[in-house]
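*Asks:* Submitted below is the structure of interest, expressed as structure tokens.
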Amino acid sequence: MQFDRAGYKVPMLPHVRIRNTVANGLEMTPVGRLCRWTASRLFGGFILAFHRSSGRALTEQVEALRPSRVIALDEMVSRLKSGRSTSGLLAITVDDGYAATVEEYCQIARERQWPMTFYLPTAYLERGSLPFLMIANLQRVCPPTEVRLGGRDFCLVSEKARTEFFAGLIQRMYTAREADYMPLVEGLASHLIDNGLVPESSVYDVEPPVAWADVERWAREPTVSFQSHGVSHQAVVSLQADELHDELVRSKEVIEEHTNNPVAHFCYPYGGPESIGQNAPKIVSEVFSSSVTMSRGRLRGSDPFLLPRVPLYEQDTGNVACLKVLTA
Ligand SMILES: [Zn+2]
């Protein structure tokens, strides 16, 4: 049994259990130790992607990845672009700007002298919420119900129907603009709240974003860097070229204004190929020096505007982190 950051029990899925067993086995053998050393030395460096795991998990994972050494993303990108080696090096990136995560990680960045890059979606800092957080809330609390949304009847009585409904919604979120799916989300929220099926807070209360005042405070710490995750956290594939360009420039300007530091790096919302599309990397390259995805991989001659990362989560032990890097 595992626990998330709020202390809730999380059942260990079979594939996670198998991976943990393999990772632990790897640790105990000389072959495993050789693999770890080889992974650090022989292949390219890598960029870790975090979202909202605990500082304890991050510390355990980064320590387990030794002898790989933490460097700033800026340095990693400049090494990559100038053809210098990145092997034995890793960069830490953290998406979305959750207040608690930013605070805890920034303290670790300062204490351990581990450079960290935080990608902020600026509308989340302004509004206090984002569509995907509201959808996650609805998915968690939606009881069996029948509802008419956008002129269509949805029978969400069975668990299977609700699972399919939310899977469809999330798929749209990954590829479509907010206006295409938010009316459905808002409609369902109103239906559940107005009929007394769920309290309003269970839909609208989300984990708070970092405050601009804290961004400004931490921006003075040399190991902390705030970079762009766009404005609206919409899939860039859904935006017109000029809309995307405008989002990139606006987010860059707002973050630079608050931090007094250059903003040169971008993180694609959702980060999968279907959310990025064909045209975005060129538009991003007109405003930024690099952009990261959620595709798993290491930095071997990578396109600076489609950089792969290695995502790590709360349940990943140090050994699993090593295995993920080794197989990336
Ligand atoms: Zn994000």
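Scheme for the structure tokens: letters A, B, ... for chains in order shown; per-chain residue numbers from 1; ligand numbers from 1 in order shown.
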Just want the residues within 7 Å of ligand 1, written as a list of chain:residue names, counting only C-alpha atoms and all ligand atoms.

*Replies:*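 These are the residues that qualify: A:Asp95, A:Asp96, A:His229, A:His233, A:Pro269, A:Tyr270.
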
*Asks:* Would you save the residues from that selection as a PDB file, in the first residue's frame, using N, CA and C atoms?

*Replies:*
ATOM      1  N   ASP A  95       6.085  21.256 -13.108  1.00  0.00           N
ATOM      2  CA  ASP A  95       5.005  21.879 -13.876  1.00  0.00           C
ATOM      3  C   ASP A  95       3.864  22.383 -12.993  1.00  0.00           C
ATOM      4  N   ASP A  96       3.209  23.419 -13.460  1.00  0.00           N
ATOM      5  CA  ASP A  96       1.885  23.865 -13.003  1.00  0.00           C
ATOM      6  C   ASP A  96       1.861  24.837 -11.830  1.00  0.00           C
ATOM      7  N   HIS A 229       4.614  28.161 -18.819  1.00  0.00           N
ATOM      8  CA  HIS A 229       3.754  27.016 -19.166  1.00  0.00           C
ATOM      9  C   HIS A 229       2.534  27.564 -19.919  1.00  0.00           C
ATOM     10  N   HIS A 233      -3.148  27.136 -20.274  1.00  0.00           N
ATOM     11  CA  HIS A 233      -2.953  25.687 -20.164  1.00  0.00           C
ATOM     12  C   HIS A 233      -3.859  24.925 -21.138  1.00  0.00           C
ATOM     13  N   PRO A 269       1.561  22.485 -22.448  1.00  0.00           N
ATOM     14  CA  PRO A 269       0.495  21.923 -21.610  1.00  0.00           C
ATOM     15  C   PRO A 269       0.123  20.507 -22.088  1.00  0.00           C
ATOM     16  N   TYR A 270      -0.043  19.605 -21.170  1.00  0.00           N
ATOM     17  CA  TYR A 270      -0.331  18.163 -21.377  1.00  0.00           C
ATOM     18  C   TYR A 270       0.866  17.428 -21.990  1.00  0.00           C
TER      19      TYR A 270
END

*Asks:* Against range 206-209 of chain A, which residues of range 82-117 of chain A fall within 6 Å? For each one I want the closest pair of atoms and the distance in Å (one decimal), counting only C-alpha atoms, rows by chain and increasing residue number, as JSON lines.

*Replies:*
{"residue": "A:Gly97", "atom": "CA", "partner": "A:Pro209", "partner_atom": "CA", "distance": 5.7}
{"residue": "A:Tyr98", "atom": "CA", "partner": "A:Pro209", "partner_atom": "CA", "distance": 4.5}
{"residue": "A:Ala99", "atom": "CA", "partner": "A:Pro209", "partner_atom": "CA", "distance": 4.7}

*Asks:* Could the residues in this selection be saved with C-alpha atoms as a PDB file, in the first residue's frame?

*Replies:*
ATOM      1  CA  GLY A  97       2.930  25.946  -9.970  1.00  0.00           C
ATOM      2  CA  TYR A  98       1.025  24.380  -7.067  1.00  0.00           C
ATOM      3  CA  ALA A  99       1.650  26.572  -4.010  1.00  0.00           C
TER       4      ALA A  99
END

*Asks:* Measuring atom to atom with only C-alpha atoms, identify which of A:Tyr268, A:Phe305, A:Tyr181, A:Tyr174 is nearest to Lys282 in chain A.

*Replies:*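 Result for the nearest residue to Lys282 in chain A: A:Phe305.
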
*Asks:* Contacts of Glu103 in chain A at 9 Å or less, counting only C-alpha atoms, minus same-chain residues fewer than 3 places along, as an MDAnalysis selection string?

*Replies:* chainID A and resid 98:100 106:108 210 214 218

*Asks:* Emit the selected residues as a short mmCIF file (atom, residue, chain, number, x, y, z; two decimals), in the first residue's frame, including N, CA, C and O atoms.

*Replies:*
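As a result, again.cif now contains:
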data_model
loop_
_atom_site.label_atom_id
_atom_site.label_comp_id
_atom_site.auth_asym_id
_atom_site.auth_seq_id
_atom_site.Cartn_x
_atom_site.Cartn_y
_atom_site.Cartn_z
N TYR A 98 1.84 24.57 -8.28
CA TYR A 98 1.02 24.38 -7.07
C TYR A 98 1.76 25.02 -5.88
O TYR A 98 2.96 24.79 -5.68
N ALA A 99 1.02 25.79 -5.08
CA ALA A 99 1.65 26.57 -4.01
C ALA A 99 2.50 25.70 -3.08
O ALA A 99 3.66 26.02 -2.80
N ALA A 100 1.91 24.62 -2.59
CA ALA A 100 2.62 23.80 -1.60
C ALA A 100 3.87 23.16 -2.20
O ALA A 100 4.93 23.10 -1.56
N CYS A 106 11.30 24.68 -3.46
CA CYS A 106 12.24 25.82 -3.46
C CYS A 106 13.16 25.74 -2.24
O CYS A 106 14.35 26.07 -2.33
N GLN A 107 12.60 25.31 -1.12
CA GLN A 107 13.45 25.17 0.07
C GLN A 107 14.53 24.11 -0.16
O GLN A 107 15.68 24.28 0.23
N ILE A 108 14.13 23.01 -0.82
CA ILE A 108 15.11 21.96 -1.13
C ILE A 108 16.16 22.49 -2.11
O ILE A 108 17.35 22.24 -1.97
N VAL A 210 0.71 28.92 -6.59
CA VAL A 210 1.68 29.78 -5.88
C VAL A 210 1.26 31.24 -6.10
O VAL A 210 0.79 31.61 -7.19
N ASP A 214 5.08 35.10 -3.72
CA ASP A 214 6.04 34.03 -3.43
C ASP A 214 6.95 33.77 -4.64
O ASP A 214 8.12 33.42 -4.48
N TRP A 218 10.93 33.92 -4.24
CA TRP A 218 11.81 32.81 -4.60
C TRP A 218 12.67 33.10 -5.82
O TRP A 218 13.73 32.51 -6.00
#

*Asks:* From a backbone DSSP assignment, name each residue in range 125-288 of chain A labelled alpha helix (DSSP H), as a PyMOL selection string.

*Replies:* chain A and resi 125-127+131-141+159-175+178-194+200-204+212-218+241-259+273-276+280-285

*Asks:* Among range 49-245 of chain A, which residues does DSSP mark as strand (DSSP E) when it is run on the backbone? Keep the chain and numbering as in the structure and answer as an NGL selection string.

*Replies:* :A and (49-50 or 69-70 or 89-95 or 116-120 or 145-149 or 152-156 or 224-228)

*Asks:* Hey, what's within 12 Å of Cys155 in chain A if we count only C-alpha atoms and toss same-chain stuff fewer than 6 positions away? As a VMD selection string, please?

*Replies:* chain A and resid 143 to 149 161 to 165 188

*Asks:* Tell me which of A:Gly88, A:Pro281, A:Gly83, A:Gly230 sits closest to Pro67 in chain A, counting only C-alpha atoms.

*Replies:*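 Closest candidate: A:Gly88.
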
*Asks:* Could you check which of A:Gly297, A:Leu89, A:Glu200, A:Val102 is closest to Tyr119 in chain A, using only C-alpha atoms?

*Replies:* A:Val102

*Asks:* Using only C-alpha atoms, which protein or nucleic acid residues come within 6 Å of range 110-117 of chain A? Drop anything in the same chain fewer than 6 positions from it, and give the result as a ChimeraX atom specification.

*Replies:* /A:70-72,92-93,223-226

*Asks:* Set the distance at 12 Å and use only C-alpha atoms: which residues neighbour Phe43 in chain A once local chain neighbours fewer than 6 positions away are removed? I'd like the list as a list of chain:residue names.

*Replies:* A:Cys35, A:Arg36, A:Trp37, A:Ser68, A:Ser85, A:Thr86, A:Ser87, A:Gly88, A:Leu89, A:Leu90, A:Gly297, A:Arg298, A:Leu299, A:Arg300, A:Gly301, A:Val325, A:Leu326, A:Thr327, A:Ala328

*Asks:* Any idea what's packed within 9 Å of range 132-138 of chain A, counting only C-alpha atoms, ignoring anything in its chain fewer than 6 positions away? Could you give it as a list of chain:residue names?

*Replies:*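 Using only C-alpha atoms, the neighbours found are A:Phe166, A:Leu169, A:Ile170, A:Met173, A:Val185, A:Leu188, A:Ala189, A:Ser202, A:Val203, A:Tyr204, A:Asp205, A:Val206, A:Glu207, A:His233.
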
*Asks:* Convert the current residue selection to file output with all heavy atoms, as a CSV table (one decimal), in the first residue's frame.

*Replies:*
chain,number,residue,atom,x,y,z
A,166,PHE,N,-16.0,10.8,-18.8
A,166,PHE,CA,-14.8,11.6,-18.4
A,166,PHE,C,-13.6,11.3,-19.3
A,166,PHE,O,-12.8,12.2,-19.6
A,166,PHE,CB,-14.5,11.4,-16.9
A,166,PHE,CG,-15.5,12.2,-16.0
A,166,PHE,CD1,-16.5,11.6,-15.3
A,166,PHE,CD2,-15.3,13.6,-16.0
A,166,PHE,CE1,-17.4,12.3,-14.6
A,166,PHE,CE2,-16.2,14.3,-15.2
A,166,PHE,CZ,-17.2,13.7,-14.5
A,169,LEU,N,-14.1,13.4,-22.2
A,169,LEU,CA,-13.9,14.8,-21.9
A,169,LEU,C,-12.4,15.1,-21.8
A,169,LEU,O,-11.9,16.1,-22.3
A,169,LEU,CB,-14.6,15.1,-20.5
A,169,LEU,CG,-15.0,16.5,-20.2
A,169,LEU,CD1,-15.9,17.0,-21.2
A,169,LEU,CD2,-15.8,16.4,-18.8
A,170,ILE,N,-11.7,14.2,-21.2
A,170,ILE,CA,-10.2,14.4,-21.0
A,170,ILE,C,-9.5,14.4,-22.4
A,170,ILE,O,-8.6,15.1,-22.7
A,170,ILE,CB,-9.6,13.4,-20.0
A,170,ILE,CG1,-10.2,13.8,-18.6
A,170,ILE,CG2,-8.1,13.4,-20.0
A,170,ILE,CD1,-10.0,12.7,-17.6
A,173,MET,N,-10.0,17.6,-23.9
A,173,MET,CA,-9.2,18.6,-23.3
A,173,MET,C,-7.7,18.5,-23.8
A,173,MET,O,-7.0,19.5,-24.0
A,173,MET,CB,-9.2,18.3,-21.8
A,173,MET,CG,-8.4,19.2,-20.9
A,173,MET,SD,-8.5,18.8,-19.2
A,173,MET,CE,-7.3,17.4,-19.1
A,185,VAL,N,-18.5,20.9,-19.1
A,185,VAL,CA,-18.0,20.8,-17.7
A,185,VAL,C,-18.8,21.7,-16.8
A,185,VAL,O,-19.3,21.3,-15.8
A,185,VAL,CB,-16.5,21.2,-17.7
A,185,VAL,CG1,-16.0,21.2,-16.3
A,185,VAL,CG2,-15.7,20.2,-18.5
A,188,LEU,N,-22.4,20.4,-16.4
A,188,LEU,CA,-22.5,19.2,-15.4
A,188,LEU,C,-22.3,19.7,-14.0
A,188,LEU,O,-23.1,19.3,-13.1
A,188,LEU,CB,-21.4,18.2,-15.8
A,188,LEU,CG,-21.3,17.0,-14.8
A,188,LEU,CD1,-22.7,16.2,-14.8
A,188,LEU,CD2,-20.2,16.1,-15.2
A,189,ALA,N,-21.4,20.7,-13.8
A,189,ALA,CA,-21.2,21.2,-12.5
A,189,ALA,C,-22.5,21.9,-12.0
A,189,ALA,O,-22.9,21.6,-10.8
A,189,ALA,CB,-20.0,22.3,-12.5
A,202,SER,N,-16.9,21.1,-3.5
A,202,SER,CA,-16.3,19.8,-4.0
A,202,SER,C,-15.9,20.0,-5.5
A,202,SER,O,-15.1,19.2,-6.0
A,202,SER,CB,-17.1,18.6,-3.8
A,202,SER,OG,-18.3,18.7,-4.6
A,203,VAL,N,-16.6,20.9,-6.2
A,203,VAL,CA,-16.3,21.1,-7.6
A,203,VAL,C,-15.3,22.2,-7.9
A,203,VAL,O,-14.4,22.0,-8.7
A,203,VAL,CB,-17.6,21.4,-8.4
A,203,VAL,CG1,-17.3,21.7,-9.9
A,203,VAL,CG2,-18.6,20.3,-8.3
A,204,TYR,N,-15.5,23.3,-7.1
A,204,TYR,CA,-14.7,24.5,-7.5
A,204,TYR,C,-13.4,24.6,-6.6
A,204,TYR,O,-12.5,25.3,-7.0
A,204,TYR,CB,-15.5,25.7,-7.3
A,204,TYR,CG,-16.5,25.8,-8.5
A,204,TYR,CD1,-17.9,25.6,-8.3
A,204,TYR,CD2,-16.1,26.2,-9.8
A,204,TYR,CE1,-18.8,25.6,-9.3
A,204,TYR,CE2,-17.0,26.2,-10.8
A,204,TYR,CZ,-18.3,26.0,-10.6
A,204,TYR,OH,-19.2,26.0,-11.6
A,205,ASP,N,-13.3,24.0,-5.5
A,205,ASP,CA,-12.1,24.1,-4.7
A,205,ASP,C,-11.0,23.3,-5.2
A,205,ASP,O,-11.1,22.0,-5.4
A,205,ASP,CB,-12.4,23.7,-3.2
A,205,ASP,CG,-13.2,24.7,-2.5
A,205,ASP,OD1,-13.6,25.7,-3.1
A,205,ASP,OD2,-13.5,24.5,-1.3
A,206,VAL,N,-9.9,23.9,-5.6
A,206,VAL,CA,-8.7,23.1,-6.1
A,206,VAL,C,-7.5,23.5,-5.3
A,206,VAL,O,-7.5,24.5,-4.6
A,206,VAL,CB,-8.5,23.4,-7.6
A,206,VAL,CG1,-9.7,23.0,-8.5
A,206,VAL,CG2,-8.2,24.9,-7.8
A,207,GLU,N,-6.5,22.7,-5.5
A,207,GLU,CA,-5.2,23.0,-4.9
A,207,GLU,C,-4.7,24.4,-5.3
A,207,GLU,O,-4.7,24.7,-6.5
A,207,GLU,CB,-4.2,22.0,-5.2
A,207,GLU,CG,-3.0,22.1,-4.4
A,207,GLU,CD,-2.1,20.8,-4.4
A,207,GLU,OE1,-2.7,19.7,-4.7
A,207,GLU,OE2,-1.0,20.9,-4.0
A,233,HIS,N,-3.1,27.1,-20.3
A,233,HIS,CA,-3.0,25.7,-20.2
A,233,HIS,C,-3.9,24.9,-21.1
A,233,HIS,O,-4.3,23.8,-20.9
A,233,HIS,CB,-3.2,25.2,-18.7
A,233,HIS,CG,-2.4,23.9,-18.4
A,233,HIS,ND1,-2.9,22.7,-18.8
A,233,HIS,CD2,-1.3,23.7,-17.7
A,233,HIS,CE1,-2.0,21.8,-18.4
A,233,HIS,NE2,-1.1,22.3,-17.8
